[in-house]
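K.L.:
Structure file target11.pdb (PDB, C-alpha atoms) is given on the next line.
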```pdb
ATOM      1  CA  GLN X 193      20.582  70.641  43.741  1.00  0.00           C
ATOM      2  CA  LYS X 194      18.933  67.818  41.807  1.00  0.00           C
ATOM      3  CA  GLU X 195      16.495  65.641  43.733  1.00  0.00           C
ATOM      4  CA  VAL X 196      18.267  62.395  42.861  1.00  0.00           C
ATOM      5  CA  GLU X 197      21.892  62.204  41.809  1.00  0.00           C
ATOM      6  CA  GLN X 198      23.500  59.151  40.290  1.00  0.00           C
ATOM      7  CA  ASP X 199      26.882  58.847  38.612  1.00  0.00           C
ATOM      8  CA  PRO X 200      26.287  57.707  35.005  1.00  0.00           C
ATOM      9  CA  GLY X 201      29.587  55.778  34.823  1.00  0.00           C
ATOM     10  CA  PRO X 202      30.406  53.610  33.005  1.00  0.00           C
ATOM     11  CA  LEU X 203      31.619  51.348  35.763  1.00  0.00           C
ATOM     12  CA  SER X 204      33.740  48.503  34.427  1.00  0.00           C
ATOM     13  CA  VAL X 205      34.573  45.525  36.657  1.00  0.00           C
ATOM     14  CA  PRO X 206      35.928  42.006  36.172  1.00  0.00           C
ATOM     15  CA  GLU X 207      33.631  39.028  36.520  1.00  0.00           C
ATOM     16  CA  GLY X 208      33.276  37.965  40.155  1.00  0.00           C
ATOM     17  CA  ALA X 209      33.846  41.436  41.588  1.00  0.00           C
ATOM     18  CA  ILE X 210      31.601  43.063  44.169  1.00  0.00           C
ATOM     19  CA  VAL X 211      29.854  46.045  42.608  1.00  0.00           C
ATOM     20  CA  SER X 212      28.666  49.082  44.524  1.00  0.00           C
ATOM     21  CA  LEU X 213      26.160  51.434  42.893  1.00  0.00           C
ATOM     22  CA  ASN X 214      25.019  54.562  44.680  1.00  0.00           C
ATOM     23  CA  CYS X 215      22.541  57.415  44.672  1.00  0.00           C
ATOM     24  CA  THR X 216      22.123  60.493  46.807  1.00  0.00           C
ATOM     25  CA  TYR X 217      18.940  62.453  47.241  1.00  0.00           C
ATOM     26  CA  SER X 218      17.835  65.713  48.747  1.00  0.00           C
ATOM     27  CA  ASN X 219      14.130  65.252  49.498  1.00  0.00           C
ATOM     28  CA  SER X 220      13.514  64.165  53.087  1.00  0.00           C
ATOM     29  CA  ALA X 221       9.945  63.197  52.153  1.00  0.00           C
ATOM     30  CA  PHE X 222      11.088  60.186  50.161  1.00  0.00           C
ATOM     31  CA  GLN X 223       9.780  57.088  51.882  1.00  0.00           C
ATOM     32  CA  TYR X 224      10.523  54.238  49.505  1.00  0.00           C
ATOM     33  CA  PHE X 225      13.588  53.390  47.509  1.00  0.00           C
ATOM     34  CA  MET X 226      13.843  51.164  44.468  1.00  0.00           C
ATOM     35  CA  TRP X 227      16.451  49.789  42.107  1.00  0.00           C
ATOM     36  CA  TYR X 228      15.697  48.995  38.497  1.00  0.00           C
ATOM     37  CA  ARG X 229      17.876  47.259  35.933  1.00  0.00           C
ATOM     38  CA  GLN X 230      17.614  48.309  32.310  1.00  0.00           C
ATOM     39  CA  TYR X 231      19.152  46.336  29.488  1.00  0.00           C
ATOM     40  CA  SER X 232      19.804  48.036  26.177  1.00  0.00           C
ATOM     41  CA  ARG X 233      16.571  48.662  24.238  1.00  0.00           C
ATOM     42  CA  LYS X 234      14.462  47.277  27.079  1.00  0.00           C
ATOM     43  CA  GLY X 235      12.259  48.772  29.764  1.00  0.00           C
ATOM     44  CA  PRO X 236      13.323  49.136  33.406  1.00  0.00           C
ATOM     45  CA  GLU X 237      12.968  45.913  35.392  1.00  0.00           C
ATOM     46  CA  LEU X 238      12.339  46.213  39.111  1.00  0.00           C
ATOM     47  CA  LEU X 239      15.047  44.527  41.186  1.00  0.00           C
ATOM     48  CA  MET X 240      14.235  45.545  44.729  1.00  0.00           C
ATOM     49  CA  TYR X 241      12.415  48.076  46.823  1.00  0.00           C
ATOM     50  CA  THR X 242      12.576  48.999  50.478  1.00  0.00           C
ATOM     51  CA  TYR X 243      11.009  51.496  52.816  1.00  0.00           C
ATOM     52  CA  SER X 244      13.392  51.639  55.712  1.00  0.00           C
ATOM     53  CA  SER X 245      16.974  52.400  56.519  1.00  0.00           C
ATOM     54  CA  GLY X 246      19.204  49.353  56.667  1.00  0.00           C
ATOM     55  CA  ASN X 247      19.853  46.431  54.375  1.00  0.00           C
ATOM     56  CA  LYS X 248      17.615  44.246  52.270  1.00  0.00           C
ATOM     57  CA  GLU X 249      19.042  41.196  50.567  1.00  0.00           C
ATOM     58  CA  ASP X 250      17.795  39.229  47.572  1.00  0.00           C
ATOM     59  CA  GLY X 251      20.185  36.626  46.238  1.00  0.00           C
ATOM     60  CA  ARG X 252      23.328  38.348  45.000  1.00  0.00           C
ATOM     61  CA  PHE X 253      21.774  41.783  45.434  1.00  0.00           C
ATOM     62  CA  THR X 254      21.751  43.887  48.604  1.00  0.00           C
ATOM     63  CA  ALA X 255      20.009  47.253  48.839  1.00  0.00           C
ATOM     64  CA  GLN X 256      21.177  49.612  51.542  1.00  0.00           C
ATOM     65  CA  VAL X 257      19.467  52.811  52.642  1.00  0.00           C
ATOM     66  CA  ASP X 258      20.872  55.462  54.962  1.00  0.00           C
ATOM     67  CA  LYS X 259      18.143  58.048  55.451  1.00  0.00           C
ATOM     68  CA  SER X 260      20.243  60.177  57.773  1.00  0.00           C
ATOM     69  CA  SER X 261      22.803  60.677  55.012  1.00  0.00           C
ATOM     70  CA  LYS X 262      20.239  60.553  52.171  1.00  0.00           C
ATOM     71  CA  TYR X 263      22.309  57.885  50.497  1.00  0.00           C
ATOM     72  CA  ILE X 264      21.307  54.554  48.992  1.00  0.00           C
ATOM     73  CA  SER X 265      23.401  51.752  47.561  1.00  0.00           C
ATOM     74  CA  LEU X 266      22.987  48.558  45.601  1.00  0.00           C
ATOM     75  CA  PHE X 267      25.638  45.883  46.028  1.00  0.00           C
ATOM     76  CA  ILE X 268      26.027  43.040  43.566  1.00  0.00           C
ATOM     77  CA  ARG X 269      28.083  40.081  44.725  1.00  0.00           C
ATOM     78  CA  ASP X 270      29.871  37.708  42.360  1.00  0.00           C
ATOM     79  CA  SER X 271      29.050  39.927  39.393  1.00  0.00           C
ATOM     80  CA  GLN X 272      28.425  38.203  36.056  1.00  0.00           C
ATOM     81  CA  PRO X 273      28.662  39.452  32.463  1.00  0.00           C
ATOM     82  CA  SER X 274      24.860  39.120  32.366  1.00  0.00           C
ATOM     83  CA  ASP X 275      24.698  41.849  35.022  1.00  0.00           C
ATOM     84  CA  SER X 276      25.975  44.325  32.423  1.00  0.00           C
ATOM     85  CA  ALA X 277      23.176  46.877  32.182  1.00  0.00           C
ATOM     86  CA  THR X 278      22.154  50.313  33.375  1.00  0.00           C
ATOM     87  CA  TYR X 279      21.008  50.435  36.988  1.00  0.00           C
ATOM     88  CA  LEU X 280      18.457  53.080  37.906  1.00  0.00           C
ATOM     89  CA  CYS X 281      17.670  54.172  41.408  1.00  0.00           C
ATOM     90  CA  ALA X 282      14.174  55.520  41.991  1.00  0.00           C
ATOM     91  CA  MET X 283      12.525  56.872  45.069  1.00  0.00           C
ATOM     92  CA  GLY X 284       9.461  58.738  46.210  1.00  0.00           C
ATOM     93  CA  GLY X 285       6.980  59.735  48.852  1.00  0.00           C
ATOM     94  CA  SER X 286       3.879  59.230  46.725  1.00  0.00           C
ATOM     95  CA  TYR X 287       3.297  56.536  44.117  1.00  0.00           C
ATOM     96  CA  ILE X 288       5.179  58.562  41.488  1.00  0.00           C
ATOM     97  CA  PRO X 289       8.910  57.835  41.789  1.00  0.00           C
ATOM     98  CA  THR X 290      11.758  60.148  40.871  1.00  0.00           C
ATOM     99  CA  PHE X 291      14.478  58.399  38.913  1.00  0.00           C
ATOM    100  CA  GLY X 292      18.205  58.866  38.854  1.00  0.00           C
ATOM    101  CA  ARG X 293      20.019  59.037  35.517  1.00  0.00           C
ATOM    102  CA  GLY X 294      21.244  55.473  35.856  1.00  0.00           C
ATOM    103  CA  THR X 295      24.736  53.988  36.132  1.00  0.00           C
ATOM    104  CA  SER X 296      26.046  51.921  33.258  1.00  0.00           C
ATOM    105  CA  LEU X 297      27.712  48.740  34.535  1.00  0.00           C
ATOM    106  CA  ILE X 298      30.006  46.601  32.414  1.00  0.00           C
ATOM    107  CA  VAL X 299      31.127  43.246  33.784  1.00  0.00           C
ATOM    108  CA  HIS X 300      33.860  41.787  31.609  1.00  0.00           C
ATOM    109  CA  PRO X 301      34.785  38.093  31.588  1.00  0.00           C
TER     110      PRO X 301
ATOM    111  CA  GLU U 595       5.185  36.011  34.193  1.00  0.00           C
ATOM    112  CA  PRO U 596       2.666  38.679  33.128  1.00  0.00           C
ATOM    113  CA  GLU U 597       4.177  41.607  31.322  1.00  0.00           C
ATOM    114  CA  VAL U 598       3.343  45.027  29.960  1.00  0.00           C
ATOM    115  CA  THR U 599       3.401  45.096  26.170  1.00  0.00           C
ATOM    116  CA  GLN U 600       3.870  48.176  24.017  1.00  0.00           C
ATOM    117  CA  THR U 601       3.387  48.755  20.303  1.00  0.00           C
ATOM    118  CA  PRO U 602       4.943  49.761  18.048  1.00  0.00           C
ATOM    119  CA  SER U 603       8.533  49.239  19.165  1.00  0.00           C
ATOM    120  CA  HIS U 604       9.653  52.072  16.887  1.00  0.00           C
ATOM    121  CA  GLN U 605       7.588  54.882  15.389  1.00  0.00           C
ATOM    122  CA  VAL U 606       8.934  57.371  12.867  1.00  0.00           C
ATOM    123  CA  THR U 607       6.756  60.409  12.230  1.00  0.00           C
ATOM    124  CA  GLN U 608       7.011  63.721  10.460  1.00  0.00           C
ATOM    125  CA  MET U 609       7.011  66.820  12.643  1.00  0.00           C
ATOM    126  CA  GLY U 610       3.517  68.162  13.102  1.00  0.00           C
ATOM    127  CA  GLN U 611       1.820  64.802  12.772  1.00  0.00           C
ATOM    128  CA  GLU U 612      -0.138  63.017  15.475  1.00  0.00           C
ATOM    129  CA  VAL U 613       1.005  59.706  16.965  1.00  0.00           C
ATOM    130  CA  ILE U 614      -0.700  57.161  19.164  1.00  0.00           C
ATOM    131  CA  LEU U 615       1.398  54.888  21.322  1.00  0.00           C
ATOM    132  CA  ARG U 616      -0.281  51.768  22.610  1.00  0.00           C
ATOM    133  CA  CYS U 617       0.120  49.716  25.753  1.00  0.00           C
ATOM    134  CA  VAL U 618      -1.486  46.632  27.216  1.00  0.00           C
ATOM    135  CA  PRO U 619      -0.913  46.727  30.985  1.00  0.00           C
ATOM    136  CA  ILE U 620      -0.840  43.650  33.196  1.00  0.00           C
ATOM    137  CA  SER U 621      -4.411  42.408  33.347  1.00  0.00           C
ATOM    138  CA  ASN U 622      -5.208  42.738  37.057  1.00  0.00           C
ATOM    139  CA  HIS U 623      -3.397  46.029  37.525  1.00  0.00           C
ATOM    140  CA  LEU U 624      -5.338  49.152  38.381  1.00  0.00           C
ATOM    141  CA  TYR U 625      -2.855  52.013  37.926  1.00  0.00           C
ATOM    142  CA  PHE U 626      -1.307  52.932  34.604  1.00  0.00           C
ATOM    143  CA  TYR U 627       1.514  55.301  33.804  1.00  0.00           C
ATOM    144  CA  TRP U 628       3.403  56.861  30.934  1.00  0.00           C
ATOM    145  CA  TYR U 629       7.048  57.884  31.232  1.00  0.00           C
ATOM    146  CA  ARG U 630       9.480  59.444  28.804  1.00  0.00           C
ATOM    147  CA  GLN U 631      13.224  58.930  28.508  1.00  0.00           C
ATOM    148  CA  ILE U 632      15.136  61.241  26.202  1.00  0.00           C
ATOM    149  CA  LEU U 633      18.379  59.673  25.000  1.00  0.00           C
ATOM    150  CA  GLY U 634      21.014  59.853  27.716  1.00  0.00           C
ATOM    151  CA  GLN U 635      18.666  61.387  30.246  1.00  0.00           C
ATOM    152  CA  LYS U 636      16.634  60.081  33.154  1.00  0.00           C
ATOM    153  CA  VAL U 637      13.203  58.498  33.064  1.00  0.00           C
ATOM    154  CA  GLU U 638      10.600  61.244  33.504  1.00  0.00           C
ATOM    155  CA  PHE U 639       7.029  60.835  34.693  1.00  0.00           C
ATOM    156  CA  LEU U 640       4.322  62.049  32.329  1.00  0.00           C
ATOM    157  CA  VAL U 641       0.942  60.906  33.654  1.00  0.00           C
ATOM    158  CA  SER U 642      -0.827  58.381  35.834  1.00  0.00           C
ATOM    159  CA  PHE U 643      -4.309  56.985  35.230  1.00  0.00           C
ATOM    160  CA  TYR U 644      -6.691  55.308  37.628  1.00  0.00           C
ATOM    161  CA  ASN U 645     -10.384  54.506  37.515  1.00  0.00           C
ATOM    162  CA  ASN U 646     -10.676  55.886  33.977  1.00  0.00           C
ATOM    163  CA  GLU U 647      -9.272  59.281  34.717  1.00  0.00           C
ATOM    164  CA  ILE U 648      -5.957  61.057  35.081  1.00  0.00           C
ATOM    165  CA  SER U 649      -4.847  60.949  38.715  1.00  0.00           C
ATOM    166  CA  GLU U 650      -1.637  62.927  38.366  1.00  0.00           C
ATOM    167  CA  LYS U 651       0.356  64.584  35.594  1.00  0.00           C
ATOM    168  CA  SER U 652       3.672  66.351  35.276  1.00  0.00           C
ATOM    169  CA  GLU U 653       4.515  69.719  33.749  1.00  0.00           C
ATOM    170  CA  ILE U 654       5.601  67.891  30.603  1.00  0.00           C
ATOM    171  CA  PHE U 655       2.076  66.561  30.070  1.00  0.00           C
ATOM    172  CA  ASP U 656       0.518  69.634  28.503  1.00  0.00           C
ATOM    173  CA  ASP U 657      -2.358  70.032  26.047  1.00  0.00           C
ATOM    174  CA  GLN U 658      -0.309  68.315  23.367  1.00  0.00           C
ATOM    175  CA  PHE U 659      -0.745  65.016  25.193  1.00  0.00           C
ATOM    176  CA  SER U 660      -3.761  62.911  26.046  1.00  0.00           C
ATOM    177  CA  VAL U 661      -4.359  59.426  27.396  1.00  0.00           C
ATOM    178  CA  GLU U 662      -7.204  57.032  26.976  1.00  0.00           C
ATOM    179  CA  ARG U 663      -8.276  53.579  28.013  1.00  0.00           C
ATOM    180  CA  PRO U 664     -10.541  52.762  25.086  1.00  0.00           C
ATOM    181  CA  ASP U 665     -11.409  49.269  26.273  1.00  0.00           C
ATOM    182  CA  GLY U 666     -10.645  46.898  29.117  1.00  0.00           C
ATOM    183  CA  SER U 667      -7.116  46.119  28.020  1.00  0.00           C
ATOM    184  CA  ASN U 668      -5.499  48.953  26.051  1.00  0.00           C
ATOM    185  CA  PHE U 669      -4.015  52.184  27.371  1.00  0.00           C
ATOM    186  CA  THR U 670      -2.934  54.793  24.829  1.00  0.00           C
ATOM    187  CA  LEU U 671      -0.863  57.966  24.733  1.00  0.00           C
ATOM    188  CA  LYS U 672      -1.680  60.430  21.966  1.00  0.00           C
ATOM    189  CA  ILE U 673       0.747  63.180  21.026  1.00  0.00           C
ATOM    190  CA  ARG U 674      -0.641  65.882  18.768  1.00  0.00           C
ATOM    191  CA  SER U 675       1.419  68.218  16.557  1.00  0.00           C
ATOM    192  CA  THR U 676       4.652  66.409  17.289  1.00  0.00           C
ATOM    193  CA  LYS U 677       7.866  68.391  17.671  1.00  0.00           C
ATOM    194  CA  LEU U 678      11.477  67.377  17.205  1.00  0.00           C
ATOM    195  CA  GLU U 679      11.976  67.448  20.963  1.00  0.00           C
ATOM    196  CA  ASP U 680       9.293  64.790  21.419  1.00  0.00           C
ATOM    197  CA  SER U 681      11.792  62.249  20.123  1.00  0.00           C
ATOM    198  CA  ALA U 682      12.372  59.857  23.019  1.00  0.00           C
ATOM    199  CA  MET U 683      11.605  56.434  24.420  1.00  0.00           C
ATOM    200  CA  TYR U 684       8.114  56.282  25.844  1.00  0.00           C
ATOM    201  CA  PHE U 685       7.476  53.686  28.527  1.00  0.00           C
ATOM    202  CA  CYS U 686       4.168  52.444  29.788  1.00  0.00           C
ATOM    203  CA  ALA U 687       3.987  50.982  33.291  1.00  0.00           C
ATOM    204  CA  SER U 688       1.334  49.505  35.524  1.00  0.00           C
ATOM    205  CA  SER U 689       0.943  48.654  39.183  1.00  0.00           C
ATOM    206  CA  ASP U 690      -1.543  46.580  41.134  1.00  0.00           C
ATOM    207  CA  GLY U 691      -2.712  49.247  43.560  1.00  0.00           C
ATOM    208  CA  SER U 692      -1.828  47.184  46.618  1.00  0.00           C
ATOM    209  CA  GLY U 693       0.027  50.114  48.121  1.00  0.00           C
ATOM    210  CA  GLN U 694       3.422  48.790  47.142  1.00  0.00           C
ATOM    211  CA  PRO U 695       5.471  51.148  44.951  1.00  0.00           C
ATOM    212  CA  ALA U 696       6.481  48.502  42.411  1.00  0.00           C
ATOM    213  CA  GLN U 697       5.682  49.479  38.840  1.00  0.00           C
ATOM    214  CA  HIS U 698       6.164  47.082  35.952  1.00  0.00           C
ATOM    215  CA  PHE U 699       7.430  48.611  32.729  1.00  0.00           C
ATOM    216  CA  GLY U 700       7.024  47.679  29.113  1.00  0.00           C
ATOM    217  CA  ASP U 701       9.976  47.705  26.715  1.00  0.00           C
ATOM    218  CA  GLY U 702       8.987  51.075  25.347  1.00  0.00           C
ATOM    219  CA  THR U 703       8.274  52.718  22.024  1.00  0.00           C
ATOM    220  CA  ARG U 704      11.102  54.615  20.425  1.00  0.00           C
ATOM    221  CA  LEU U 705       9.562  57.728  18.861  1.00  0.00           C
ATOM    222  CA  SER U 706      11.588  59.496  16.208  1.00  0.00           C
ATOM    223  CA  ILE U 707      10.316  62.825  14.902  1.00  0.00           C
ATOM    224  CA  LEU U 708      11.786  63.934  11.585  1.00  0.00           C
TER     225      LEU U 708
END
```
Represent the structure contained in this file as structure tokens.
P.N.:
Amino acid sequence: QKEVEQDPGPLSVPEGAIVSLNCTYSNSAFQYFMWYRQYSRKGPELLMYTYSSGNKEDGRFTAQVDKSSKYISLFIRDSQPSDSATYLCAMGGSYIPTFGRGTSLIVHP
Amino acid sequence: EPEVTQTPSHQVTQMGQEVILRCVPISNHLYFYWYRQILGQKVEFLVSFYNNEISEKSEIFDDQFSVERPDGSNFTLKIRSTKLEDSAMYFCASSDGSGQPAQHFGDGTRLSIL
């Protein structure tokens, strides 16, 4: 079983939709959880990170962690065409994160 | 906002040649990293660097690879005797060492080995 699993998509949604992006993991030692956004031909850009189970909100973005199920989610409200990108989950116990493959999101007008 | 800069954006090299990828991390950051992303695959950790020495490296980072901080601003990745399978995006990242996991990435160098 891979340490971090993430469906590569693509996920195509209409503008204004609520988007749910997810990752599962197998390593119970993971203590922090991050979401990066990566536009084409660009480096990953950190969106959010959290240490604990529960929700963390930042504008239109909400990160959710369920450590008991080893499942994390990123919700995007009122999605915009500018949100079209690849979203990478990353997590770790030390300062070296393990990345998921990324989910390609397409928000069409 | 401060950013990590990488040069060149694209490097084309013949198999067997040596390449040096360059990075300028964010100025007050203390930890520096190199990652690799093969097309269609996940971002993979190569090496981390702190206090002028390697602090951690992955299985990928073998004797073919080396890193250096030649001055107070640059951080380089050297790949000797390049192979076709070294073709990938190489990302540099840095973090401030505050204990938070946030790493800031550059836009990468696309390395193409012919």
K.L.:
Skip Gln694 in chain U itself and residues of its chain fewer than 2 positions away, then list as a PyMOL selection string all residues within 12 Å of it, counting all atoms listed in the file.
P.N.:
(chain X and resi 223-226+240-243+284-289) or (chain U and resi 625+688-692+696-698)
K.L.:
Compile the contact shell of Ile210 in chain X as a PyMOL selection string: residues with an atom at most 12 Å away, counting only C-alpha atoms, same-chain residues fewer than 4 positions apart removed.
P.N.:
chain X and resi 203-206+252-254+266-272+275+297+299
K.L.:
Hey, which of X:Gly201, X:Gly292, X:Pro301, X:Gly246 ends up closest to chain U? Count only C-alpha atoms.
P.N.:
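When distances to chain U are compared using only C-alpha atoms, the smallest one comes from X:Gly292.
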K.L.:
Could you please determine the separation between CA of Pro619 in chain U and CA of Glu647 in chain U in Å, to one decimal place?
P.N.:
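Taking CA of Pro619 in chain U as the start and CA of Glu647 in chain U as the end point, the length is 15.5 Å.
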K.L.:
Pull out every residue that the PyMOL selection byres ((chain U) within 7 of (chain X)) matches in the shown coordinates and put them as a ChimeraX atom specification.
P.N.:
/U:635-637,685,695,698-702
K.L.:
Expand the PyMOL selection byres ((chain U and resi 627) around 7) into the individual residues it matches in the shown file, reporting them as a ChimeraX atom specification.
P.N.:
/U:625-626,628-629,641-643,686-688
K.L.:
Since we have the selection now, will you write its residues out, keeping C-alpha atoms, as a PDB file, in the coordinates of the input?
P.N.:
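Dumped to result-v5.pdb:
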```pdb
ATOM      1  CA  TYR U 625      -2.855  52.013  37.926  1.00  0.00           C
ATOM      2  CA  PHE U 626      -1.307  52.932  34.604  1.00  0.00           C
ATOM      3  CA  TRP U 628       3.403  56.861  30.934  1.00  0.00           C
ATOM      4  CA  TYR U 629       7.048  57.884  31.232  1.00  0.00           C
ATOM      5  CA  VAL U 641       0.942  60.906  33.654  1.00  0.00           C
ATOM      6  CA  SER U 642      -0.827  58.381  35.834  1.00  0.00           C
ATOM      7  CA  PHE U 643      -4.309  56.985  35.230  1.00  0.00           C
ATOM      8  CA  CYS U 686       4.168  52.444  29.788  1.00  0.00           C
ATOM      9  CA  ALA U 687       3.987  50.982  33.291  1.00  0.00           C
ATOM     10  CA  SER U 688       1.334  49.505  35.524  1.00  0.00           C
TER      11      SER U 688
END
```
K.L.:
Rounded to one decimal place, report the CA of Gln608 in chain U-CA of Thr676 in chain U distance in Å.
P.N.:
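Between CA of Gln608 in chain U and CA of Thr676 in chain U the gap works out to 7.7 Å.
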K.L.:
I'd like the interatomic distance between CA of Glu638 in chain U and CA of Leu678 in chain U, to a tenth of an Å.
P.N.:
17.4 Å
K.L.:
Please return the centre and edge lengths, in Å to one decimal, of a box with edges along x, y and z that contains all listed atoms of range 279-298 of chain X, widened by 5 Å on every side, as JSON.
P.N.:
```
{"center_x": 16.7, "center_y": 53.4, "center_z": 40.6, "size_x": 36.7, "size_y": 23.5, "size_z": 26.4}
```
K.L.:
Within 12 Å of Asp665 in chain U, counting all atoms listed in the file, which residues qualify if same-chain residues fewer than 5 places away don't, as JSON, numbers by chain?
P.N.:
{"U": [616, 617, 618, 619, 646, 670]}
K.L.:
Taking only C-alpha atoms into account, which of U:Gly693, U:Ile614, U:Ser675, U:His623 comes nearest Gln600 in chain U?
P.N.:
U:Ile614
K.L.:
Scan for residues within 8 Å of the point (19.6, 51.1, 56.2) in the coordinates of the file, using only C-alpha atoms, and reply as an MDAnalysis selection string.
P.N.:
chainID X and resid 244:247 256:259
K.L.:
My structure is short of atoms at range 656-673 of chain U; please model N, CA, C and O atoms there, returning them as a compact mmCIF listing (two decimals), keeping the file's coordinate frame.
P.N.:
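Once everything was written out, this is selection08.txt:
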```txt
# COMPACT_ATOMS: atom_id res chain seq x y z
N ASP U 656 1.35 68.46 28.77
CA ASP U 656 0.52 69.63 28.50
C ASP U 656 -0.59 69.26 27.52
O ASP U 656 -0.87 68.09 27.29
N ASP U 657 -1.20 70.27 26.92
CA ASP U 657 -2.36 70.03 26.05
C ASP U 657 -2.01 69.24 24.79
O ASP U 657 -2.91 68.79 24.07
N GLN U 658 -0.74 69.09 24.53
CA GLN U 658 -0.31 68.32 23.37
C GLN U 658 -0.55 66.81 23.59
O GLN U 658 -0.65 66.05 22.64
N PHE U 659 -0.65 66.42 24.84
CA PHE U 659 -0.74 65.02 25.19
C PHE U 659 -2.15 64.67 25.68
O PHE U 659 -2.83 65.49 26.30
N SER U 660 -2.53 63.42 25.44
CA SER U 660 -3.76 62.91 26.05
C SER U 660 -3.62 61.40 26.22
O SER U 660 -2.81 60.76 25.54
N VAL U 661 -4.37 60.86 27.16
CA VAL U 661 -4.36 59.43 27.40
C VAL U 661 -5.79 58.92 27.38
O VAL U 661 -6.75 59.66 27.65
N GLU U 662 -5.88 57.63 27.08
CA GLU U 662 -7.20 57.03 26.98
C GLU U 662 -7.10 55.55 27.27
O GLU U 662 -6.08 54.92 26.99
N ARG U 663 -8.16 55.02 27.86
CA ARG U 663 -8.28 53.58 28.01
C ARG U 663 -9.53 53.19 27.24
O ARG U 663 -10.62 53.16 27.79
N PRO U 664 -9.37 52.92 25.96
CA PRO U 664 -10.54 52.76 25.09
C PRO U 664 -11.34 51.49 25.34
O PRO U 664 -12.51 51.43 24.99
N ASP U 665 -10.70 50.51 25.96
CA ASP U 665 -11.41 49.27 26.27
C ASP U 665 -10.81 48.70 27.55
O ASP U 665 -10.06 49.38 28.25
N GLY U 666 -11.10 47.46 27.85
CA GLY U 666 -10.64 46.90 29.12
C GLY U 666 -9.19 46.48 29.16
O GLY U 666 -8.70 46.10 30.22
N SER U 667 -8.49 46.61 28.01
CA SER U 667 -7.12 46.12 28.02
C SER U 667 -6.10 47.15 27.55
O SER U 667 -4.97 47.15 28.02
N ASN U 668 -6.48 48.03 26.62
CA ASN U 668 -5.50 48.95 26.05
C ASN U 668 -5.43 50.28 26.81
O ASN U 668 -6.42 50.73 27.40
N PHE U 669 -4.25 50.87 26.76
CA PHE U 669 -4.01 52.18 27.37
C PHE U 669 -3.16 52.95 26.37
O PHE U 669 -2.09 52.48 25.99
N THR U 670 -3.63 54.10 25.91
CA THR U 670 -2.93 54.79 24.83
C THR U 670 -2.47 56.18 25.25
O THR U 670 -3.06 56.83 26.11
N LEU U 671 -1.38 56.61 24.60
CA LEU U 671 -0.86 57.97 24.73
C LEU U 671 -0.91 58.60 23.35
O LEU U 671 -0.32 58.07 22.42
N LYS U 672 -1.61 59.71 23.23
CA LYS U 672 -1.68 60.43 21.97
C LYS U 672 -0.86 61.70 22.09
O LYS U 672 -0.98 62.44 23.08
N ILE U 673 -0.03 61.94 21.08
CA ILE U 673 0.75 63.18 21.03
C ILE U 673 0.35 63.91 19.75
O ILE U 673 0.53 63.39 18.65
```
